[in-house]
Structures are given as C-alpha cells and as structure tokens.
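Heads up, run-v9.cif below (mmCIF, C-alpha atoms and all ligand atoms):
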data_entry
loop_
_atom_site.label_atom_id
_atom_site.label_comp_id
_atom_site.auth_asym_id
_atom_site.auth_seq_id
_atom_site.Cartn_x
_atom_site.Cartn_y
_atom_site.Cartn_z
CA ALA A 26 60.86 10.45 -7.65
CA ARG A 27 57.25 10.59 -8.74
CA LYS A 28 56.75 12.23 -12.15
CA ILE A 29 54.31 15.13 -12.08
CA ILE A 30 52.92 17.82 -14.35
CA ILE A 31 51.52 20.91 -12.64
CA ASP A 32 48.58 22.56 -14.41
CA THR A 33 48.05 26.01 -12.95
CA ASP A 34 46.73 29.61 -13.13
CA PRO A 35 49.01 31.54 -10.71
CA GLY A 36 47.59 33.02 -8.37
CA GLN A 37 49.48 33.49 -5.08
CA ASP A 38 48.42 30.11 -3.72
CA ASP A 39 49.35 28.41 -7.00
CA ALA A 40 52.75 30.08 -6.69
CA VAL A 41 53.28 28.62 -3.21
CA ALA A 42 52.31 25.17 -4.54
CA LEU A 43 54.88 25.52 -7.31
CA LEU A 44 57.55 26.56 -4.79
CA LEU A 45 56.73 23.55 -2.60
CA ALA A 46 57.15 21.21 -5.57
CA LEU A 47 60.41 22.87 -6.65
CA ALA A 48 61.71 22.48 -3.10
CA SER A 49 61.05 18.73 -3.13
CA PRO A 50 63.10 17.18 -5.98
CA GLU A 51 63.76 13.98 -4.03
CA GLU A 52 60.09 13.08 -4.06
CA LEU A 53 58.83 14.95 -7.14
CA ASP A 54 60.17 15.03 -10.69
CA LEU A 55 58.50 18.06 -12.30
CA LEU A 56 58.19 17.24 -16.03
CA GLY A 57 56.57 20.55 -16.89
CA VAL A 58 54.15 23.28 -15.92
CA THR A 59 51.09 23.85 -18.11
CA CYS A 60 49.33 27.17 -17.64
CA VAL A 61 45.66 27.88 -18.06
CA ALA A 62 43.45 30.95 -17.95
CA GLY A 63 41.68 31.28 -14.60
CA ASN A 64 42.54 33.67 -11.81
CA VAL A 65 43.89 36.01 -14.49
CA PRO A 66 44.11 35.69 -18.30
CA LEU A 67 46.54 33.18 -19.82
CA ALA A 68 49.30 35.67 -20.67
CA ARG A 69 49.55 36.61 -16.98
CA THR A 70 49.41 33.04 -15.69
CA HIS A 71 52.39 31.87 -17.76
CA THR A 72 54.32 35.04 -16.94
CA ASN A 73 53.64 34.47 -13.24
CA ALA A 74 54.59 30.79 -13.41
CA ARG A 75 57.94 31.67 -14.97
CA MET A 76 58.56 34.38 -12.37
CA VAL A 77 58.00 31.85 -9.59
CA CYS A 78 60.46 29.40 -11.19
CA GLU A 79 63.00 32.22 -11.34
CA VAL A 80 62.54 33.13 -7.66
CA ALA A 81 63.10 29.48 -6.79
CA GLY A 82 66.32 29.45 -8.88
CA HIS A 83 64.87 27.00 -11.42
CA PRO A 84 64.80 28.74 -14.82
CA GLU A 85 65.24 25.32 -16.50
CA VAL A 86 61.64 24.30 -15.77
CA LYS A 87 59.54 23.87 -18.90
CA VAL A 88 56.55 26.22 -18.81
CA PHE A 89 53.82 25.92 -21.44
CA ALA A 90 50.83 28.06 -22.34
CA GLY A 91 47.60 26.09 -22.60
CA CYS A 92 44.01 27.17 -23.18
CA GLU A 93 43.03 30.81 -23.01
CA ALA A 94 39.33 30.21 -22.42
CA PRO A 95 37.10 27.49 -20.97
CA LEU A 96 35.94 24.74 -23.35
CA GLU A 97 32.38 25.97 -23.82
CA ARG A 98 32.05 29.28 -21.97
CA PRO A 99 33.59 32.73 -21.77
CA LEU A 100 36.38 33.17 -19.20
CA MET A 101 35.62 34.39 -15.69
CA THR A 102 38.65 35.71 -13.75
CA ALA A 103 39.34 36.57 -10.09
CA GLU A 104 41.37 39.79 -9.94
CA PHE A 105 39.21 40.75 -6.96
CA VAL A 106 41.05 38.04 -5.01
CA HIS A 107 44.53 37.96 -6.54
CA GLY A 108 45.00 41.57 -7.69
CA ARG A 109 45.50 42.89 -11.22
CA THR A 110 48.60 40.78 -11.92
CA GLY A 111 47.36 37.62 -10.19
CA LEU A 112 50.48 37.76 -8.04
CA ASP A 113 50.03 41.12 -6.32
CA GLY A 114 52.07 41.64 -3.14
CA PRO A 115 55.81 41.41 -3.95
CA ASP A 116 57.63 43.58 -6.49
CA LEU A 117 57.28 41.82 -9.83
CA TRP A 118 59.48 41.74 -12.94
CA GLU A 119 59.42 40.48 -16.51
CA PRO A 120 60.77 36.89 -16.44
CA GLU A 121 63.77 36.06 -18.61
CA MET A 122 63.28 32.31 -18.86
CA PRO A 123 61.50 31.23 -22.05
CA LEU A 124 57.98 30.06 -22.58
CA GLN A 125 57.99 26.73 -24.48
CA ASP A 126 56.69 26.83 -28.06
CA GLN A 127 54.49 23.76 -27.77
CA HIS A 128 50.86 24.19 -26.69
CA GLY A 129 50.28 22.95 -23.13
CA VAL A 130 47.56 20.52 -24.21
CA ASP A 131 49.90 18.89 -26.75
CA PHE A 132 52.63 18.66 -24.12
CA LEU A 133 50.19 16.83 -21.82
CA ILE A 134 49.22 14.41 -24.59
CA ASP A 135 52.79 13.76 -25.82
CA THR A 136 54.14 13.28 -22.30
CA LEU A 137 51.43 10.84 -21.26
CA ARG A 138 51.98 8.89 -24.49
CA SER A 139 55.76 8.75 -24.19
CA GLU A 140 56.16 8.02 -20.46
CA ALA A 141 55.41 4.52 -19.19
CA PRO A 142 51.70 4.01 -18.47
CA GLY A 143 50.66 4.78 -14.89
CA THR A 144 53.76 6.80 -14.04
CA VAL A 145 52.65 10.43 -14.51
CA THR A 146 50.55 12.30 -11.94
CA LEU A 147 48.60 15.40 -12.96
CA CYS A 148 48.41 18.13 -10.32
CA THR A 149 45.71 20.65 -11.19
CA LEU A 150 45.54 23.98 -9.40
CA GLY A 151 43.16 25.85 -11.69
CA PRO A 152 40.17 25.32 -13.97
CA LEU A 153 40.30 21.89 -15.64
CA THR A 154 40.31 23.28 -19.20
CA ASN A 155 43.71 21.94 -20.31
CA ILE A 156 43.05 18.47 -18.92
CA GLY A 157 39.51 18.37 -20.34
CA ALA A 158 40.83 19.46 -23.74
CA ALA A 159 43.58 16.82 -23.67
CA PHE A 160 41.18 14.03 -22.60
CA ARG A 161 38.73 14.99 -25.37
CA LYS A 162 41.43 15.24 -28.04
CA ALA A 163 43.33 12.08 -27.03
CA PRO A 164 41.14 9.73 -24.95
CA ASP A 165 43.92 7.10 -25.10
CA ILE A 166 45.92 9.08 -22.52
CA ILE A 167 43.26 8.79 -19.79
CA ASP A 168 44.27 5.25 -18.81
CA ARG A 169 47.92 6.25 -18.76
CA VAL A 170 47.51 8.81 -15.93
CA GLN A 171 48.68 7.53 -12.56
CA GLU A 172 46.47 9.88 -10.54
CA LEU A 173 44.95 13.34 -10.92
CA VAL A 174 45.23 15.37 -7.73
CA MET A 175 43.21 18.56 -7.90
CA MET A 176 42.36 21.62 -5.91
CA GLY A 177 38.72 22.08 -6.71
CA GLY A 178 35.17 21.65 -5.56
CA ALA A 179 33.39 21.93 -2.24
CA TYR A 180 30.46 20.22 -0.62
CA PHE A 181 29.86 20.76 3.09
CA GLU A 182 31.81 24.02 2.91
CA VAL A 183 29.73 25.02 -0.15
CA GLY A 184 30.95 27.67 -2.58
CA ASN A 185 33.37 30.57 -2.65
CA VAL A 186 32.28 32.26 -5.90
CA SER A 187 28.66 31.20 -5.97
CA PRO A 188 26.67 29.78 -3.06
CA ALA A 189 27.07 26.33 -4.62
CA ALA A 190 30.39 26.33 -6.47
CA GLU A 191 34.12 26.62 -5.99
CA PHE A 192 36.05 28.81 -8.47
CA ASN A 193 38.11 26.21 -10.37
CA ILE A 194 35.06 24.08 -11.14
CA LEU A 195 32.72 27.02 -11.82
CA VAL A 196 35.05 28.55 -14.41
CA ASP A 197 34.92 25.44 -16.60
CA PRO A 198 32.23 23.00 -15.48
CA GLU A 199 32.19 21.18 -18.83
CA ALA A 200 35.92 20.45 -18.56
CA ALA A 201 35.37 19.28 -14.98
CA GLU A 202 32.55 17.01 -16.13
CA THR A 203 34.81 15.47 -18.79
CA VAL A 204 37.43 14.76 -16.13
CA PHE A 205 35.04 13.37 -13.50
CA LYS A 206 33.35 11.09 -16.04
CA SER A 207 36.64 9.95 -17.61
CA GLY A 208 37.45 7.16 -15.19
CA VAL A 209 40.79 8.71 -14.20
CA ALA A 210 41.75 8.20 -10.52
CA ILE A 211 40.93 11.54 -8.85
CA THR A 212 41.97 12.92 -5.48
CA MET A 213 40.20 16.16 -4.57
CA MET A 214 41.29 18.94 -2.25
CA PRO A 215 37.98 20.80 -1.96
CA LEU A 216 37.24 23.91 0.10
CA ASP A 217 36.25 21.50 2.89
CA VAL A 218 39.99 20.92 3.33
CA THR A 219 41.53 24.17 2.15
CA HIS A 220 39.41 26.38 4.40
CA LYS A 221 41.15 24.66 7.32
CA VAL A 222 44.60 25.64 6.02
CA LEU A 223 44.78 29.27 7.13
CA THR A 224 47.70 31.64 6.62
CA LEU A 225 47.64 32.90 10.23
CA SER A 226 49.89 35.92 10.79
CA SER A 227 52.32 33.77 12.81
CA ARG A 228 52.64 31.39 9.86
CA ARG A 229 53.23 34.23 7.39
CA GLN A 230 55.85 35.60 9.77
CA ALA A 231 57.57 32.20 9.81
CA PHE A 232 58.00 32.45 6.02
CA ARG A 233 59.38 35.99 6.36
CA ASP A 234 61.73 34.82 9.13
CA LEU A 235 63.35 32.33 6.74
CA GLY A 236 65.13 35.49 5.61
CA THR A 237 65.54 34.13 2.08
CA LYS A 238 64.32 35.55 -1.24
CA VAL A 239 61.71 32.78 -1.44
CA GLY A 240 60.60 33.28 2.17
CA VAL A 241 60.12 37.03 1.77
CA PHE A 242 58.45 36.62 -1.65
CA THR A 243 56.02 34.11 -0.14
CA ALA A 244 55.22 36.32 2.86
CA ASP A 245 54.69 39.34 0.58
CA MET A 246 52.28 37.36 -1.60
CA LEU A 247 50.34 35.93 1.31
CA ASP A 248 50.09 39.25 3.16
CA PHE A 249 48.27 40.53 0.08
CA PHE A 250 46.25 37.35 -0.53
CA GLU A 251 44.89 37.10 3.02
CA ARG A 252 43.34 40.59 2.89
CA PHE A 253 40.51 39.39 0.72
CA ASP A 254 39.67 36.46 2.96
CA VAL A 255 39.93 38.39 6.18
CA GLU A 256 37.34 40.81 4.84
CA LYS A 257 35.22 37.95 3.57
CA TYR A 258 35.44 35.34 6.32
CA GLY A 259 36.68 37.39 9.26
CA SER A 260 39.55 34.98 9.97
CA ASP A 261 43.20 35.74 10.72
CA GLY A 262 44.65 34.54 7.45
CA GLY A 263 43.11 33.17 4.29
CA PRO A 264 42.89 29.60 2.98
CA LEU A 265 46.05 28.38 1.26
CA HIS A 266 44.22 26.20 -1.28
CA ASP A 267 46.57 24.94 -3.97
CA PRO A 268 49.63 23.83 -1.94
CA CYS A 269 47.39 21.11 -0.43
CA VAL A 270 47.76 19.23 -3.72
CA ILE A 271 51.55 19.10 -3.48
CA ALA A 272 51.54 18.50 0.29
CA TYR A 273 49.34 15.46 -0.33
CA LEU A 274 51.96 13.97 -2.67
CA LEU A 275 54.71 14.59 -0.12
CA LYS A 276 52.79 13.49 2.98
CA PRO A 277 49.43 11.86 2.25
CA ALA A 278 48.85 11.10 5.94
CA LEU A 279 48.17 14.82 6.53
CA PHE A 280 44.80 14.39 4.80
CA SER A 281 41.76 12.19 5.23
CA GLY A 282 38.54 11.69 3.34
CA ARG A 283 36.37 9.13 1.57
CA HIS A 284 36.35 7.51 -1.83
CA ILE A 285 32.92 8.46 -3.18
CA ASN A 286 31.00 9.45 -6.29
CA VAL A 287 31.23 13.08 -7.33
CA GLU A 288 29.24 14.53 -10.23
CA ILE A 289 29.44 18.03 -11.72
CA GLU A 290 26.38 20.22 -12.25
CA THR A 291 26.59 21.88 -15.68
CA GLN A 292 22.98 22.86 -16.39
CA SER A 293 21.26 24.66 -13.53
CA SER A 294 21.89 28.40 -13.52
CA LEU A 295 21.47 28.34 -9.74
CA THR A 296 23.97 25.57 -8.91
CA VAL A 297 26.23 25.31 -11.98
CA GLY A 298 29.75 24.19 -11.04
CA MET A 299 28.60 22.36 -7.92
CA THR A 300 30.51 19.16 -7.08
CA VAL A 301 27.65 16.94 -5.93
CA ALA A 302 29.40 14.57 -3.53
CA ASP A 303 27.71 11.35 -2.40
CA TRP A 304 29.42 11.41 1.00
CA TRP A 305 26.88 9.06 2.64
CA ARG A 306 26.86 6.74 -0.38
CA VAL A 307 23.11 7.06 -0.79
CA THR A 308 23.23 6.32 -4.54
CA ASP A 309 24.65 3.33 -6.38
CA ARG A 310 26.81 5.60 -8.56
CA THR A 311 30.36 4.32 -8.82
CA PRO A 312 32.93 6.10 -6.62
CA ASN A 313 35.23 8.16 -8.86
CA ALA A 314 37.06 10.47 -6.45
CA MET A 315 38.88 10.51 -3.15
CA PHE A 316 37.11 13.47 -1.53
CA MET A 317 39.34 14.90 1.21
CA ARG A 318 37.65 16.56 4.14
CA ASP A 319 40.21 16.88 6.94
CA VAL A 320 43.79 18.00 7.28
CA ASP A 321 46.48 18.28 9.95
CA ASP A 322 47.02 22.00 9.33
CA THR A 323 49.87 22.30 11.84
CA GLY A 324 51.71 19.46 10.12
CA PHE A 325 50.99 21.04 6.76
CA PHE A 326 52.60 24.38 7.71
CA GLU A 327 55.58 22.64 9.33
CA LEU A 328 56.19 20.79 6.08
CA LEU A 329 55.70 23.87 3.92
CA THR A 330 57.96 26.12 5.99
CA GLU A 331 60.71 23.52 6.21
CA ARG A 332 60.60 22.89 2.44
CA LEU A 333 60.53 26.56 1.44
CA GLY A 334 63.58 27.00 3.64
CA ARG A 335 65.48 24.65 1.32
CA LEU A 336 65.14 26.97 -1.69
C1 LIG B 401 40.95 28.24 -6.19
O1 LIG B 401 40.64 29.37 -6.98
C2 LIG B 401 41.76 30.18 -7.16
O2 LIG B 401 41.44 31.51 -6.91
C3 LIG B 401 42.84 29.65 -6.26
O3 LIG B 401 44.11 29.78 -6.88
C4 LIG B 401 42.46 28.23 -6.05
O4 LIG B 401 43.01 27.39 -7.06
C5 LIG B 401 40.19 28.32 -4.90
O5 LIG B 401 38.82 28.32 -5.12
CA CA B 402 44.70 28.21 -8.60
#
Would you mind writing the file's structure down as structure tokens?
Ligand code: BDR
Ligand code: CA
Amino acid sequence: ARKIIIDTDPGQDDAVALLLALASPEELDLLGVTCVAGNVPLARTHTNARMVCEVAGHPEVKVFAGCEAPLERPLMTAEFVHGRTGLDGPDLWEPEMPLQDQHGVDFLIDTLRSEAPGTVTLCTLGPLTNIGAAFRKAPDIIDRVQELVMMGGAYFEVGNVSPAAEFNILVDPEAAETVFKSGVAITMMPLDVTHKVLTLSSRRQAFRDLGTKVGVFTADMLDFFERFDVEKYGSDGGPLHDPCVIAYLLKPALFSGRHINVEIETQSSLTVGMTVADWWRVTDRTPNAMFMRDVDDTGFFELLTERLGRL
C-alpha cells in the first residue's frame, strides 16, 4: 500500500476524505494525520479529525496538531461554510482517542527522514501552513516526498472566497508559494475539478441508505454542508472538494488535466492567493504542477459510496 500523510482542517469535506482513506487500507497506508488551522481554529480541527477516526472505528490512527496560524498572516476561518464546530450536521461528541504529543510539523519532518526516499505521499486538504513550515525548517525532506496531492487553487473556475482565490491558498499564500517553488511533484485538485463533484440529493441519500453509522454521519454532514452552496451557487448539492485528493490516489483515471506551471500571487491586495496557471504554456516557466480540470463525477461517487459502505 502507498504510504500517505493526510494534512487537514476538518471541515465536512475533509472528514469525508479521511473516511475514504480509512476505508481503503489495501491501497493506502495512513502513517498519520496532521491538523492545521483553516476552516476552524486548530483545537477544533484536531478534535474533529479524531471524531472522524472514531466514527470509522479507527481510534489507533495517529493524529497530530500542527500550526495554529498561517506562516506570515493572521488566521482567516470559514465558519460561514462549515458551521461553528467545522463539522456541523451530525450530533458531535468529545473524542476519547488521544492527540499525539509531537508537533505535526516535526512528525512530517521525522517521517520523511525515516521512511525510504520517494515513498511518502502528502495529501493536503487545507491551507499549506504545516507543509510550508516543514519545508522551510528542513529543506532536505523536499526531495524525499513521493508526490504532494492537494485540494487547492482555481483558475478557470476562479475563486470561492475572493474573486481570484480559493480558500486553502488564500489563507496562507506564503506557505503555498514555498510549496509551489520547492520543486516537489504537485498534483492539484482545484475548484475547476471540485465544482463538478456535486453532492446531489440522490447521492446524499445513497450514503444514508448504507444504513451504517458512517453512512448516516456522512449524509448528516453533507446535508448541512450543501446548504451554503445551494444558496451561493443555486445547485442541487455542493462541491465535495477534499475527497478528490484521496479518490485520485485510488483511481487516477477519474481525473484529467495538464502538467503546467503554477505560481502563487502573494502581493496584490486584489488577487492575493490566486493560483496563476499557465494552461496554454505561454511562458517558458518550468511546469511544476499537474493541474486537474476534469473528473468523471459519476465514477467518483460510485467509488466513494462503495468504499464508505466498507466501514
Ligand atoms: C476548501 O476550503 C475548505 O473550506 C474545504 O474544506 C476545502 O478544503 C475549498 O475551497
Ligand atoms: Ca479542507
């Protein structure tokens, strides 16, 4: 199985991504979960991550707390999307499984140094603060990463929190810049993809119909989550962003895109956080990211529903 670390700020869609990974032990060996401040403050994100592991019946997963604020800016959160807890929808509880003592950034560094080079994949579902901090503190680990698969950015589909920027990049553009300039192999799931992965009511019902704790928990989360997007975009169902990262590892053929250069805007107050994507290769800048643009959304939901049914 492929070794992965999930870096996350749950978030209902982060939670579904975590469940998908936990349901797929044959393909994915989850070394740990590093939490970051993003959708909600850090204390909520690591509480939520542990709750999700408990729902899935996996209290043995190692969950770490990482950075509580972006590298060079104050934190911006998204309770207006995810609710006060970040996981509004189902009835929540105080998780019993422990939080690891080690800082998430140190876990990332130690793991990449101790595992064989090129064997650990980083899956990022939130702002890139933890990864940026680790790459700055220990640049020797950059070459040891197999691939970094992220939910983040947008180009043709433009922004969801500013007209130009997607949330995960906007929260910590300096961390994103560190990652995009690092030379690490990046695969991006931008809004261009995730806005095609809609939690239609029939799809939410399919989760509920699993009749399991995980199925009902997922449906309860997504019934809440889609409200925001229905009001905003007028669609039946909201975009299920973060699980695209895990689905890509399980079934890459669901996605297509181009290997191109992507740079992060960090200066302009108007377009800060923008992922400037050279889709038509009009510059001679070196390609640094696989920028996904299309997805087989039916295939995606078949995979997700089947996998969640295993938990
Ligand atoms: C991203 O922002 C968060 O609100 C979601 O969890 C997702 O990672 C989408 O822009
Ligand atoms: Ca997220």
Write as a PyMOL selection string the residues around ligand CA 402 (chain B), taking 8 Å as the cut-off and counting only C-alpha atoms and all ligand atoms. chain A and resi 33-39+63-64+150-152+176+193+266-267
At what distance in Å, to one decimal, does CA of Met213 in chain A lie from CA of Phe316 in chain A? 5.1 Å
Measuring atom to atom with all atoms listed in the file, identify which of A:Gly259, A:Gly108, A:Pro99, A:Pro142 is nearest to ligand LIG 401 (chain B).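 Of all the options, A:Gly108 lies closest to ligand LIG 401 (chain B).
Across the structure, CA of Ala179 in chain A and CA of Asp217 in chain A are spaced 5.9 Å apart.
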Pick from A:Leu225, A:Val88, A:Val61, A:Ala302: nearest to ligand LIG 401 (chain B), with only C-alpha atoms and all ligand atoms counted?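 Of A:Leu225, A:Val88, A:Val61, A:Ala302, the one nearest ligand LIG 401 (chain B), counting only C-alpha atoms and all ligand atoms, is A:Val61.
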Test item: residues at most 9 Å from Arg310 in chain A, only C-alpha atoms, excluding those fewer than 6 positions along its chain, as a count of residues only: 4
Give me, as a ChimeraX atom specification, all polymer residues having an atom no more than 12 Å from Ser293 in chain A, counting only C-alpha atoms and skipping those fewer than 3 positions away in the same chain. /A:189-190,195,198,289-290,296-299
Val222 in chain A proximity check over A:Gly263, A:Gly184, A:Gly177, A:Pro277, using all atoms listed in the file: winner is A:Gly263
I want to know what sits within 10 Å of Asp165 in chain A, based on all atoms listed in the file, with residues of the same chain fewer than 6 positions away left out; could you give that as a tab-separated table (two decimals) with C-alpha atoms, keeping the file's coordinate frame?
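Output file selection_5.tsv is given in full below:
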chain	number	residue	atom	x	y	z
A	134	ILE	CA	49.22	14.41	-24.59
A	137	LEU	CA	51.43	10.84	-21.26
A	138	ARG	CA	51.98	8.89	-24.49
A	159	ALA	CA	43.58	16.82	-23.67
Pick the closest to Phe132 in chain A from A:Val196, A:Ala46, A:Ile31, A:Leu223: which is it, counting only C-alpha atoms?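 Ranked by minimum distance to Phe132 in chain A, first place goes to A:Ile31.
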Only C-alpha atoms needed: put range 89-185 of chain A from the block into a file as a compact mmCIF listing (two decimals), in the first residue's frame.
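Saved the output as selection.txt:
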# COMPACT_ATOMS: atom_id res chain seq x y z
CA PHE A 89 -1.15 15.47 15.44
CA ALA A 90 -1.74 19.17 16.00
CA GLY A 91 0.27 21.38 13.66
CA CYS A 92 0.32 25.14 13.14
CA GLU A 93 -2.34 27.34 14.69
CA ALA A 94 -1.84 30.28 12.34
CA PRO A 95 -0.56 30.90 8.80
CA LEU A 96 3.20 31.49 8.41
CA GLU A 97 3.05 35.24 7.90
CA ARG A 98 -0.56 36.33 8.35
CA PRO A 99 -3.41 36.19 10.85
CA LEU A 100 -5.80 33.24 10.51
CA MET A 101 -8.96 33.53 8.42
CA THR A 102 -11.60 30.84 9.12
CA ALA A 103 -14.77 29.65 7.35
CA GLU A 104 -17.47 29.00 9.96
CA PHE A 105 -19.92 30.57 7.50
CA VAL A 106 -19.47 27.43 5.38
CA HIS A 107 -18.81 24.67 7.90
CA GLY A 108 -20.73 25.88 10.97
CA ARG A 109 -19.39 26.79 14.41
CA THR A 110 -17.76 23.39 15.02
CA GLY A 111 -16.46 22.90 11.48
CA LEU A 112 -18.40 19.63 11.40
CA ASP A 113 -21.95 20.88 11.91
CA GLY A 114 -24.71 18.48 10.87
CA PRO A 115 -24.46 15.25 12.92
CA ASP A 116 -24.56 15.05 16.72
CA LEU A 117 -20.99 15.52 17.90
CA TRP A 118 -19.11 14.28 20.97
CA GLU A 119 -15.78 14.73 22.72
CA PRO A 120 -13.37 12.15 21.20
CA GLU A 121 -11.68 9.69 23.54
CA MET A 122 -8.71 8.79 21.36
CA PRO A 123 -5.56 10.75 22.21
CA LEU A 124 -3.92 13.59 20.39
CA GLN A 125 -0.21 12.79 19.83
CA ASP A 126 2.28 14.87 21.82
CA GLN A 127 4.60 15.60 18.92
CA HIS A 128 4.01 18.75 16.84
CA GLY A 129 2.59 17.94 13.40
CA VAL A 130 5.42 19.72 11.60
CA ASP A 131 8.03 17.63 13.45
CA PHE A 132 6.10 14.46 12.65
CA LEU A 133 6.18 15.39 8.95
CA ILE A 134 9.93 16.03 9.09
CA ASP A 135 10.79 12.90 11.11
CA THR A 136 8.61 10.65 8.96
CA LEU A 137 10.03 11.90 5.68
CA ARG A 138 13.55 11.46 7.06
CA SER A 139 12.99 7.96 8.39
CA GLU A 140 10.97 6.42 5.54
CA ALA A 141 12.76 5.46 2.33
CA PRO A 142 13.11 8.42 -0.06
CA GLY A 143 10.27 8.76 -2.57
CA THR A 144 7.83 6.54 -0.67
CA VAL A 145 5.65 9.01 1.24
CA THR A 146 2.81 10.97 -0.38
CA LEU A 147 1.47 14.12 1.26
CA CYS A 148 -2.27 14.67 0.90
CA THR A 149 -3.19 18.24 1.77
CA LEU A 150 -6.81 19.21 2.35
CA GLY A 151 -6.34 22.60 3.99
CA PRO A 152 -4.06 25.63 3.99
CA LEU A 153 -0.44 24.63 3.26
CA THR A 154 0.93 26.02 6.55
CA ASN A 155 2.24 22.74 8.03
CA ILE A 156 3.92 21.69 4.79
CA GLY A 157 5.38 25.16 4.20
CA ALA A 158 6.71 25.23 7.77
CA ALA A 159 8.25 21.75 7.39
CA PHE A 160 9.86 22.59 4.02
CA ARG A 161 11.33 25.82 5.44
CA LYS A 162 12.61 24.15 8.62
CA ALA A 163 14.00 21.02 6.92
CA PRO A 164 14.58 21.58 3.19
CA ASP A 165 16.26 18.15 2.98
CA ILE A 166 12.84 16.48 3.18
CA ILE A 167 11.55 18.08 -0.04
CA ASP A 168 13.34 15.61 -2.32
CA ARG A 169 12.14 12.70 -0.21
CA VAL A 170 8.41 13.34 -0.90
CA GLN A 171 6.94 10.99 -3.48
CA GLU A 172 4.14 13.36 -4.50
CA LEU A 173 2.05 16.12 -2.92
CA VAL A 174 -1.61 15.85 -3.87
CA MET A 175 -3.57 18.89 -2.80
CA MET A 176 -7.04 20.32 -2.80
CA GLY A 177 -6.40 23.94 -3.55
CA GLY A 178 -6.41 26.67 -6.13
CA ALA A 179 -8.63 27.56 -9.06
CA TYR A 180 -8.11 29.14 -12.43
CA PHE A 181 -10.93 28.97 -14.97
CA GLU A 182 -13.42 28.49 -12.15
CA VAL A 183 -11.84 31.47 -10.33
CA GLY A 184 -12.29 31.98 -6.59
CA ASN A 185 -14.67 30.92 -3.85
